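Undergrad: Structure file query.txt (compact mmCIF, C-alpha atoms) right here:
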```txt
# COMPACT_ATOMS: atom_id res chain seq x y z
CA MET A 18 87.54 61.88 125.17
CA ALA A 19 90.33 60.71 127.37
CA GLY A 20 93.76 61.56 126.09
CA LYS A 21 92.49 64.01 123.47
CA ARG A 22 94.08 67.41 123.82
CA GLN A 23 91.71 70.36 124.15
CA PRO A 24 92.35 73.42 121.96
CA ALA A 25 93.92 76.39 123.71
CA ALA A 26 91.66 79.24 124.73
CA ARG A 27 91.39 81.99 122.11
CA SER A 28 91.81 84.88 124.51
CA ARG A 29 93.50 85.02 127.87
CA LYS A 30 93.04 88.05 130.04
CA PRO A 31 95.22 88.53 133.10
CA ARG A 32 93.29 88.46 136.39
CA ALA A 33 92.85 91.77 138.13
CA GLY A 34 95.99 92.48 140.10
CA ALA A 35 97.98 89.78 138.31
CA GLY A 36 101.67 90.59 138.06
CA TYR A 37 104.10 90.31 135.17
CA LYS A 38 104.58 86.59 135.73
CA ALA A 39 100.89 85.98 134.87
CA LEU A 40 101.44 87.18 131.28
CA ARG A 41 102.45 84.70 128.61
CA ALA A 42 105.17 85.35 126.06
CA GLN A 43 102.74 84.61 123.24
CA ASP A 44 98.99 84.68 123.01
CA LEU A 45 96.08 85.37 120.70
CA PHE A 46 93.71 88.28 120.67
CA GLU A 47 90.69 89.37 118.70
CA HIS A 48 90.59 92.73 116.98
CA ASP A 49 88.27 94.82 114.90
CA ALA A 50 90.90 97.01 113.27
CA ASP A 51 90.24 96.01 109.66
CA PHE A 52 87.77 97.28 107.06
CA GLY A 53 85.19 95.38 105.08
CA VAL A 54 84.76 96.38 101.43
CA ILE A 55 81.64 95.78 99.40
CA GLY A 56 81.16 96.21 95.67
CA ARG A 57 77.80 95.93 93.94
CA GLY A 58 77.02 96.02 90.26
CA ARG A 59 74.74 94.74 87.54
CA THR A 60 77.47 92.31 86.47
CA LEU A 61 80.09 90.31 88.34
CA GLU A 62 82.78 92.49 86.80
CA ALA A 63 81.03 95.71 87.85
CA ALA A 64 80.85 94.40 91.44
CA PHE A 65 84.62 93.68 91.37
CA GLU A 66 85.29 97.18 90.02
CA ALA A 67 83.13 98.73 92.76
CA ALA A 68 84.95 96.67 95.43
CA ALA A 69 88.26 98.03 94.10
CA GLY A 70 86.86 101.56 94.31
CA ALA A 71 85.79 100.95 97.91
CA MET A 72 89.23 99.61 98.82
CA PHE A 73 91.11 102.50 97.25
CA SER A 74 88.83 105.03 98.95
CA ILE A 75 90.48 103.79 102.17
CA VAL A 76 93.95 104.40 100.69
CA ALA A 77 93.33 107.92 99.35
CA ASP A 78 90.65 110.52 99.79
CA PRO A 79 89.13 110.85 96.31
CA ALA A 80 87.80 114.37 97.03
CA PRO A 81 90.80 116.34 95.66
CA GLY A 82 90.51 114.34 92.47
CA VAL A 83 92.92 111.59 91.60
CA ARG A 84 93.27 111.69 87.83
CA GLY A 85 93.57 108.67 85.56
CA GLU A 86 96.82 109.75 83.91
CA ARG A 87 98.54 106.35 83.91
CA ARG A 88 97.14 102.96 83.02
CA LEU A 89 98.29 99.68 84.45
CA ALA A 90 97.22 96.27 83.21
CA PHE A 91 97.64 92.69 84.34
CA GLU A 92 96.13 89.23 83.88
CA PHE A 93 95.58 86.27 86.14
CA ASP A 94 93.86 82.89 86.13
CA GLU A 95 91.43 81.88 88.85
CA PRO A 96 88.39 79.64 88.33
CA ASP A 97 86.85 80.41 91.75
CA VAL A 98 85.09 83.81 91.70
CA GLU A 99 85.59 84.40 95.42
CA LEU A 100 89.32 83.77 95.22
CA ALA A 101 89.39 85.87 92.05
CA LEU A 102 88.09 88.85 94.05
CA VAL A 103 90.94 88.54 96.55
CA THR A 104 93.47 88.08 93.74
CA TRP A 105 92.07 91.11 91.84
CA LEU A 106 92.25 93.37 94.89
CA ASN A 107 95.71 92.18 95.93
CA ARG A 108 97.12 92.57 92.42
CA LEU A 109 95.75 96.12 92.30
CA LEU A 110 97.46 96.93 95.60
CA ALA A 111 100.75 95.42 94.42
CA GLU A 112 100.68 97.21 91.07
CA ALA A 113 99.80 100.53 92.72
CA ARG A 114 102.63 100.16 95.25
CA CYS A 115 105.19 99.21 92.61
CA GLY A 116 104.19 102.14 90.42
CA GLY A 117 103.78 104.64 93.27
CA LEU A 118 100.23 105.33 92.07
CA ALA A 119 97.01 106.47 93.64
CA LEU A 120 94.31 104.63 91.67
CA CYS A 121 90.90 106.01 90.78
CA ARG A 122 89.30 103.93 88.02
CA PHE A 123 89.07 100.18 87.48
CA HIS A 124 88.05 97.73 84.80
CA VAL A 125 88.08 93.94 84.79
CA ARG A 126 87.01 91.37 82.18
CA ARG A 127 86.47 87.67 82.69
CA GLU A 128 86.76 84.92 80.11
CA ASN A 129 86.04 81.67 81.94
CA ALA A 130 88.87 81.39 84.48
CA HIS A 131 91.05 84.07 82.84
CA TRP A 132 90.80 87.64 84.14
CA ARG A 133 92.18 90.85 82.60
CA GLY A 134 92.45 93.82 84.91
CA GLU A 135 93.10 97.48 84.24
CA ALA A 136 93.32 100.49 86.49
CA TRP A 137 94.08 104.15 86.05
CA GLY A 138 95.64 106.59 88.44
CA GLN A 139 98.49 108.98 88.93
CA PRO A 140 101.64 109.35 90.99
CA TRP A 141 101.01 110.53 94.52
CA ARG A 142 100.85 114.33 94.84
CA THR A 143 101.04 116.43 97.97
CA ASP A 144 97.40 117.49 97.56
CA ILE A 145 96.12 113.91 97.53
CA ALA A 146 95.12 113.13 101.09
CA ARG A 147 96.57 109.77 102.07
CA GLY A 148 94.19 107.59 103.99
CA THR A 149 94.97 104.31 105.70
CA GLU A 150 97.41 101.89 104.12
CA VAL A 151 95.71 98.69 103.00
CA LYS A 152 98.08 95.74 103.35
CA GLY A 153 95.93 93.22 101.52
CA ALA A 154 92.57 91.65 100.84
CA THR A 155 91.81 88.60 102.98
CA LEU A 156 89.56 85.56 102.92
CA THR A 157 87.71 86.86 105.97
CA MET A 158 83.99 87.29 105.28
CA LEU A 159 84.73 86.63 101.60
CA SER A 160 81.56 86.42 99.54
CA VAL A 161 80.71 86.84 95.88
CA ARG A 162 77.08 86.22 95.08
CA GLU A 163 74.42 86.95 92.55
CA MET A 164 71.51 88.92 93.99
CA PRO A 165 68.27 90.22 92.55
CA GLY A 166 69.31 92.90 90.06
CA GLY A 167 73.04 92.19 90.11
CA TRP A 168 76.06 90.98 92.02
CA GLU A 169 77.72 91.68 95.36
CA ALA A 170 81.41 91.12 96.13
CA ARG A 171 82.79 91.60 99.64
CA CYS A 172 85.74 90.80 101.85
CA VAL A 173 87.78 92.20 104.72
CA VAL A 174 90.97 94.10 103.92
CA ASP A 175 93.87 94.17 106.35
CA VAL A 176 95.01 97.67 107.31
```
Since I need it in another form, could you write the structure as structure tokens?
TA:
Amino acid sequence: MAGKRQPAARSRKPRAGAGYKALRAQDLFEHDADFGVIGRGRTLEAAFEAAAGAMFSIVADPAPGVRGERRLAFEFDEPDVELALVTWLNRLLAEARCGGLALCRFHVRRENAHWRGEAWGQPWRTDIARGTEVKGATLTMLSVREMPGGWEARCVVDV
């Protein structure tokens, strides 16, 4: 249509041999630097718990044995199960950061739109191998669905 502005290109690569002047001060780029987490379980809650386990396996190597010495608990309201997954994972990250904890076990209960979350872990020790810091769960590739035999919950986490 005449007069309608076209969207900017998503990726601009400098031409071969292009000098400094060919580069823009700001631009967009695509990346594959994040991780996708998937949780599966017989129930929706079990799938959320498994997704939390997958996410925290990025944060700390569970091999040396993170112990469930300390319990943290929180509640939130979210009627949409997909958004609830992102909220659950992000609250776990926030609580773990605030408490300086490596988490190893997770439990969540749902009553309509009200969720109660619990997790267990311990303060970081020198023998717990730190993995990659997870900054947060995102809406990218977000999916929570019932499947034959159970549930699957997945999303991309920003690292």
Undergrad: Record the distance separating atom CA of A:Val98 and atom CA of A:Gly148, expressed in Å with one decimal.
TA: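 Separating atom CA of A:Val98 from atom CA of A:Gly148 is a distance of 28.3 Å.
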Undergrad: List the residues sitting within 8 Å of (93.6, 104.8, 104.7) in the file's frame, using only C-alpha atoms, as a PyMOL selection string.
TA: chain A and resi 74-77+147-151+176
Undergrad: Keeping only C-alpha atoms, take the residues you just selected and write them out as a tab-separated table (two decimals), keeping the file's coordinate frame.
TA:
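After the write, again.tsv holds the following:
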```tsv
chain	number	residue	atom	x	y	z
A	74	SER	CA	88.83	105.03	98.95
A	75	ILE	CA	90.48	103.79	102.17
A	76	VAL	CA	93.95	104.40	100.69
A	77	ALA	CA	93.33	107.92	99.35
A	147	ARG	CA	96.57	109.77	102.07
A	148	GLY	CA	94.19	107.59	103.99
A	149	THR	CA	94.97	104.31	105.70
A	150	GLU	CA	97.41	101.89	104.12
A	151	VAL	CA	95.71	98.69	103.00
A	176	VAL	CA	95.01	97.67	107.31
```
Undergrad: Of the candidates A:Leu109, A:Val125, A:Cys115, A:Ala146, which one gets nearest to A:Leu61 if we count only C-alpha atoms?
TA: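 Nearest to A:Leu61: A:Val125.
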Undergrad: May I have the protein, DNA and RNA residues with an atom at most 6 Å from (97.7, 106.9, 85.3), counting all atoms listed in the file in the file's coordinates, returned as a list in words?
TA: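 Taken together, the residues in range are Gly85, Glu86, Arg87, Arg88, Trp137, Gly138 and Gln139 of chain A.
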Undergrad: Residues near A:Phe91, anyone? I mean within 9 Å using all atoms listed in the file, not counting same-chain ones fewer than 5 positions away, as a PyMOL selection string.
TA: chain A and resi 108-109+112+132-135
Undergrad: For the atom pair atom CA of A:Ala101 and atom CA of A:Pro165, what is the interatomic distance in Å to one decimal place?
TA: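 Value for the atom CA of A:Ala101-atom CA of A:Pro165 distance: 21.6 Å.
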Undergrad: Please compute the atom CA of A:Val54-atom CA of A:Ala67 distance, one decimal, in Å.
TA: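 About the pair atom CA of A:Val54 and atom CA of A:Ala67: they are 9.1 Å apart.
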Undergrad: Which residue, A:Ala63, A:Val174, A:Met164, A:Leu89, has the smallest gap to A:Asp49 when you use only C-alpha atoms?
TA: A:Val174
Undergrad: Which residues come within 8 Å of A:Leu106, counting all atoms listed in the file, excluding same-chain residues fewer than 3 positions away, as a PDB file with C-alpha atoms, in the frame of the given file?
TA:
```pdb
ATOM      1  CA  ALA A  69      88.260  98.030  94.100  1.00  0.00           C
ATOM      2  CA  MET A  72      89.230  99.610  98.820  1.00  0.00           C
ATOM      3  CA  LEU A 102      88.090  88.850  94.050  1.00  0.00           C
ATOM      4  CA  VAL A 103      90.940  88.540  96.550  1.00  0.00           C
ATOM      5  CA  LEU A 109      95.750  96.120  92.300  1.00  0.00           C
ATOM      6  CA  LEU A 110      97.460  96.930  95.600  1.00  0.00           C
ATOM      7  CA  GLY A 153      95.930  93.220 101.520  1.00  0.00           C
ATOM      8  CA  ALA A 154      92.570  91.650 100.840  1.00  0.00           C
TER       9      ALA A 154
END
```
Undergrad: Identify which of the residues A:Leu156, A:Glu92, A:Trp141, A:Cys121 lies closest to A:Ala170, counting only C-alpha atoms when measuring atom-to-atom distances.
TA: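 Under the stated criterion, the closest residue is A:Leu156.
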Undergrad: Using all atoms listed in the file, which of A:Arg84, A:Arg171, A:Arg122, A:Arg162 sits nearest A:Arg142?
TA: A:Arg84
Undergrad: Near A:Pro140, within 8 Å and counting all atoms listed in the file, which residues show up once chain neighbours fewer than 5 positions away are dropped, as a list in words?
TA: Gly116, Gly117, Leu118 and Ala119 of chain A
Undergrad: Which of these, A:Leu100, A:Ile145, A:Ala90, A:Ala111, has the shortest distance to A:Thr157 once you count only C-alpha atoms?
TA: A:Leu100
